Each structure stands twice: as structure tokens, then as C-alpha cells.
Amino acid sequence: MPDAELDGLGDGALMVLFANGDSAAARLLTERLLPRAWRHASRVLGDPAEAEDIAQEAMLRLWRAAPEWRQDGAAQPSTWLHRVVANLAIDRLRRAGRSTGLDPEIDPPDDAPTAEARMIEDGRRSALDAALATLPERQRQAVVLRHIEGLANPEIAEILGIGVEAVESLTARGKRALKAVLEGQKEALGYGE
Amino acid sequence: MANNADQGDRLDRMLAEAKGAEPSSDLMARVLADAAAIQSEIAPTQAMSGGTQGAGAAQAGTAGRRRSRSFRPAWVAALGGWGGVSGVTMAGVVGLAIGFAIPDTIDTLSGGQIWNLSGGAGLTPDLTTLAWEDGGDV
């Protein structure tokens with residue numbers, strides 16, 4: 001099938017083609033989904049190497065799921081993939097003892113000095129990662145999925161296994177917490193007057 | 001209030017910048033290598049040829065159906081799949097039924113050729129008649 005026709009297919013149809021041995025479908029799915037999986041993992045974990053491991057593992061699980069994938073099924077490959085990334089990232093954080101817990105309440109930015117040091121050292125992206133790292137797990141996941149990946153609240157709710165209202169609450173509180181962490185960091189972030 | 005708005009703008013800009021981040025080409029290559037390895041396990045023939053199955057395959061459903069095709073004999077494929085085989089079978093059954101039900105009509109429609117081929121002695125053509133037709137000295 002010409003690439004132009006493949007471009008017009010949804011991810012579910014590409015999964016079926018992948019299971020039928022279509023290497024072009026594999027390439028297109030990788031181009032569409034890997035950046036999303038990697039950004040999700042990268043922002044949640046704050047570690048590029050770990051994020052690559054998680055993204056590769058999630059994509060591997062996606063490939064293995066392809067033979068059983070139903071094009072007419074309810075699940076979208078991207079939603080399924082984000083859910084896998086979310087679970088793998090949480091597992092990784094908990095094993096590493098870096099989890100900030102599941103409590104969606106806003107944690108005070110006690111580690112602001114650490115966050116500030118990383119801002120100076122690594123620039124804005126690291127500053128964002130550091131700020132995100134201060135958020136509780138689900139708040140962090142919700143903020144990343146809503147404000148970086150641009151997903152709708154119902155899809156985030158499906159990924160995280162929570163209600164839509166809970167997602168709205170998590171993202172709102174998450175953004176407020178990020179602002180609090182980043183307060184006063186204008187110059188370090190290159191946003192000085 | 002203005003300060004809060006500035007902070008919000010800065011955060012929004014940082015989040016927007018994070019949207020543009022892309023994975024390394026090395027990671028892309030590793031993921032594609034994984035994909036090729038998985039495809040060689042679940043669809044060995046197609047993966048080796050690198051061929052595509054087309055939109056029809058995309059609408060066909062699960063790979064369970066794909067696997068069943070791999071056990072399809074070549075002669076079935078030559079007839080256009082199991083649908084073709086059933087068509088040929090049905091045509092044979094209908095022809096046989098017509099031959100038994102209205103043999104005289106069939107003989108009339110054939111201009112008496114079936115009766116002649118049988119040597120005028122039965123329904124089954126006598127093959128020896130065909131064999132001796134052109135060379136009576138053999």
C-alpha cells in the first residue's frame with residue numbers, strides 16, 4: 001500500500017496491518033506513537049535514559065499486543081500506550097524510591113532549592129522536569145498528559161483509571177503547584193525582565 | 001494578580017516547549033528493530049517479504065484470521081480462496097443434478113453428441129471410440 005494511503009489510516013488499522021507483517025505500518029506507528037510515549041515518560045521520570053527504556057518497553061508491549069488488536073475495539077493504541085507508560089513509570093519511580101506518593105493533595109515545594117539548582121544547571125527543560133518531580137505521581141501524569149501531550153480529560157481519565165472530575169482537579173492543582181515551584185525563577189529560566 | 005499571570009505565561013511557554021521534544025534517532029532505530037523482530041514471529045512470511053496486505057487486510061479483523069491464511073493450500077489460493085473452491089464445487093453438484101434429472105434435454109441441447117460419444121450404448125462416453133477415431137490402424 002502506498003505511504004499516502006497508510007497516512008490516512010487510523011492507528012487501529014495500522015495495528016492490524018502491523019500484525020499482518022506490514023513494515024511500513026510499523027514505521028508509521030513508531031513515528032506517531034513513540035514521541036508521545038517518550039515525552040510522557042521523560043517528563044514524568046525526569047531522566048532521559050530511563051525515559052528511553054520505558055518508551056521502548058511500552059512500544060514492545062504494543063507490538064506484542066498487535067495480533068489480538070481489534071480495529072473495531074474501543075481502545076485506541078495511543079491511549080493504551082500512555083496507560084502502559086504511566087504504569088511503567090510509576091513502577092520505576094517506586095522502585096527507585098523517588099515516588100512522591102499517590103496523594104493528590106499539593107505538596108509544598110520543600111525541595112525548591114534542589115529544583116533551583118537543576119534549573120541553573122540544565123536549563124528550562126530540566127527546570128520543568130524538576131518542578132514536575134515535586135508533584136504527586138498522578139498529578140504529574142495528569143499535567144503531562146493534559147498540558148504537554150494535549151490529551152482530552154476523558155482520555156486522561158481512561159489512562160489513569162480515574163474519573164474525569166478527578167482529572168480536572170489534578171491538572172488544576174498540578175499547574176498551581178508548578179507555578180509555586182517556579183515562582184521567582186524568571187532569570188534562571190531566561191524569562192527575566 | 002499580574003504576577004500570577006506572568007507565572008502562568010512562563011509555565012505555559014515551558015510546557016509548550018516540552019511539546020516539541022523528540023526522541024533520539026537511536027531510540028527510533030531500536031524500536032523499529034523490535035518491531036521487525038516481533039513481526040518475524042507473528043507474521044514470518046509477510047515480514048520477510050516486507051509486503052503489505054492493503055486496506056482489505058486492515059479491515060479484516062484480528063491476526064487470528066491472518067494465521068489461518070498461512071495454512072491455506074496453494075491450490076485453494078489459485079482458485080481464489082475458499083470462496084472459489086465452494087463455487088467450483090457448487091457448479092459440479094448442479095451439473096450432476098441436471099444430468100441426472102433431465103438427460104434427454106441435455107442430449108438434445110448438445111446435438112446428440114453425448115449419445116454418439118457413448119457409441120449409442122449408454123450414458124458414459126466410450127473412450128476407446130475416441131482413441132480409435134483418427135487412426136483406425138493403430
# chains A, B, ... in the order shown; residues from 1 in each chain; ligands from 1
call {"tool": "residues_around", "arguments": {"residues": "region 23-33 of chain B", "least_positions_apart": "4", "cutoff": "12 Å", "atoms": "only C-alpha atoms", "output": "PyMOL selection string"}}
result
(chain A and resi 18+23-42+48-63) or (chain B and resi 18-19+37-40)
call {"tool": "closest_atom_pairs", "arguments": {"of": "chain A", "to": "chain B", "cutoff": "6 Å", "atoms": "only C-alpha atoms", "output": "JSON lines"}}
result
{"residue": "A:Met1", "atom": "CA", "partner": "B:Gly54", "partner_atom": "CA", "distance": 5.4}
{"residue": "A:Ala13", "atom": "CA", "partner": "B:Ala58", "partner_atom": "CA", "distance": 5.1}
{"residue": "A:Val16", "atom": "CA", "partner": "B:Ala58", "partner_atom": "CA", "distance": 5.3}
{"residue": "A:Leu17", "atom": "CA", "partner": "B:Ala58", "partner_atom": "CA", "distance": 5.3}
{"residue": "A:Ala19", "atom": "CA", "partner": "B:Ala63", "partner_atom": "CA", "distance": 6.0}
{"residue": "A:Asn20", "atom": "CA", "partner": "B:Ala43", "partner_atom": "CA", "distance": 5.8}
{"residue": "A:Gly21", "atom": "CA", "partner": "B:Ala47", "partner_atom": "CA", "distance": 4.4}
{"residue": "A:Asp22", "atom": "CA", "partner": "B:Thr52", "partner_atom": "CA", "distance": 4.9}
{"residue": "A:Ser23", "atom": "CA", "partner": "B:Gly50", "partner_atom": "CA", "distance": 5.9}
{"residue": "A:Pro35", "atom": "CA", "partner": "B:Glu22", "partner_atom": "CA", "distance": 5.6}
{"residue": "A:Gln56", "atom": "CA", "partner": "B:Val31", "partner_atom": "CA", "distance": 5.9}
{"residue": "A:Pro67", "atom": "CA", "partner": "B:Ala63", "partner_atom": "CA", "distance": 4.7}
{"residue": "A:Glu68", "atom": "CA", "partner": "B:Thr62", "partner_atom": "CA", "distance": 5.9}
{"residue": "A:Arg70", "atom": "CA", "partner": "B:Thr62", "partner_atom": "CA", "distance": 5.8}
{"residue": "A:Ile148", "atom": "CA", "partner": "B:Lys19", "partner_atom": "CA", "distance": 5.1}
call {"tool": "write_last_selection", "arguments": {"atoms": "N, CA and C atoms", "output": "tab-separated table (two decimals), in the first residue's frame"}}
result
chain	number	residue	atom	x	y	z
A	1	MET	N	0.85	-1.19	0.00
A	1	MET	CA	0.00	0.00	0.00
A	1	MET	C	0.89	1.25	0.00
A	13	ALA	N	-6.15	0.61	12.56
A	13	ALA	CA	-5.98	-0.08	11.27
A	13	ALA	C	-4.51	-0.41	11.04
A	16	VAL	N	-3.50	-3.55	12.81
A	16	VAL	CA	-3.88	-4.78	12.09
A	16	VAL	C	-2.90	-5.04	10.95
A	17	LEU	N	-2.55	-3.99	10.24
A	17	LEU	CA	-1.57	-4.15	9.16
A	17	LEU	C	-0.22	-4.60	9.73
A	19	ALA	N	0.25	-6.45	12.33
A	19	ALA	CA	0.13	-7.87	12.65
A	19	ALA	C	0.17	-8.73	11.40
A	20	ASN	N	-0.12	-8.13	10.27
A	20	ASN	CA	-0.04	-8.86	9.00
A	20	ASN	C	1.33	-8.72	8.34
A	21	GLY	N	2.27	-8.16	9.08
A	21	GLY	CA	3.65	-8.13	8.59
A	21	GLY	C	4.02	-6.88	7.81
A	22	ASP	N	3.20	-5.86	7.88
A	22	ASP	CA	3.47	-4.66	7.09
A	22	ASP	C	4.52	-3.80	7.79
A	23	SER	N	5.72	-3.74	7.21
A	23	SER	CA	6.80	-2.98	7.85
A	23	SER	C	6.55	-1.48	7.77
A	35	PRO	N	7.16	9.23	19.89
A	35	PRO	CA	7.42	10.54	20.52
A	35	PRO	C	6.51	10.82	21.70
A	56	GLN	N	10.70	2.38	25.01
A	56	GLN	CA	10.98	1.19	24.19
A	56	GLN	C	10.20	-0.01	24.70
A	67	PRO	N	-1.31	-8.75	17.44
A	67	PRO	CA	-2.10	-9.87	16.87
A	67	PRO	C	-3.51	-9.97	17.44
A	68	GLU	N	-3.69	-9.50	18.66
A	68	GLU	CA	-5.01	-9.59	19.27
A	68	GLU	C	-5.79	-8.28	19.16
A	70	ARG	N	-8.12	-5.43	17.94
A	70	ARG	CA	-9.32	-5.36	17.11
A	70	ARG	C	-9.52	-3.92	16.66
A	148	ILE	N	1.16	18.81	28.07
A	148	ILE	CA	2.27	18.56	27.13
A	148	ILE	C	1.79	17.70	25.97
call {"tool": "atom_distance", "arguments": {"atom1": "CA of Ser169 (chain A)", "atom2": "CA of Leu128 (chain A)"}}
result
20.2 Å
call {"tool": "atom_distance", "arguments": {"atom1": "CA of Ile162 (chain A)", "atom2": "CA of Val84 (chain A)"}}
result
15.1 Å
call {"tool": "closest_residue", "arguments": {"among": "A:Ile90, A:Ala180, A:Ala96, A:Leu9", "to": "Arg138 (chain A)", "atoms": "only C-alpha atoms"}}
result
A:Ile90
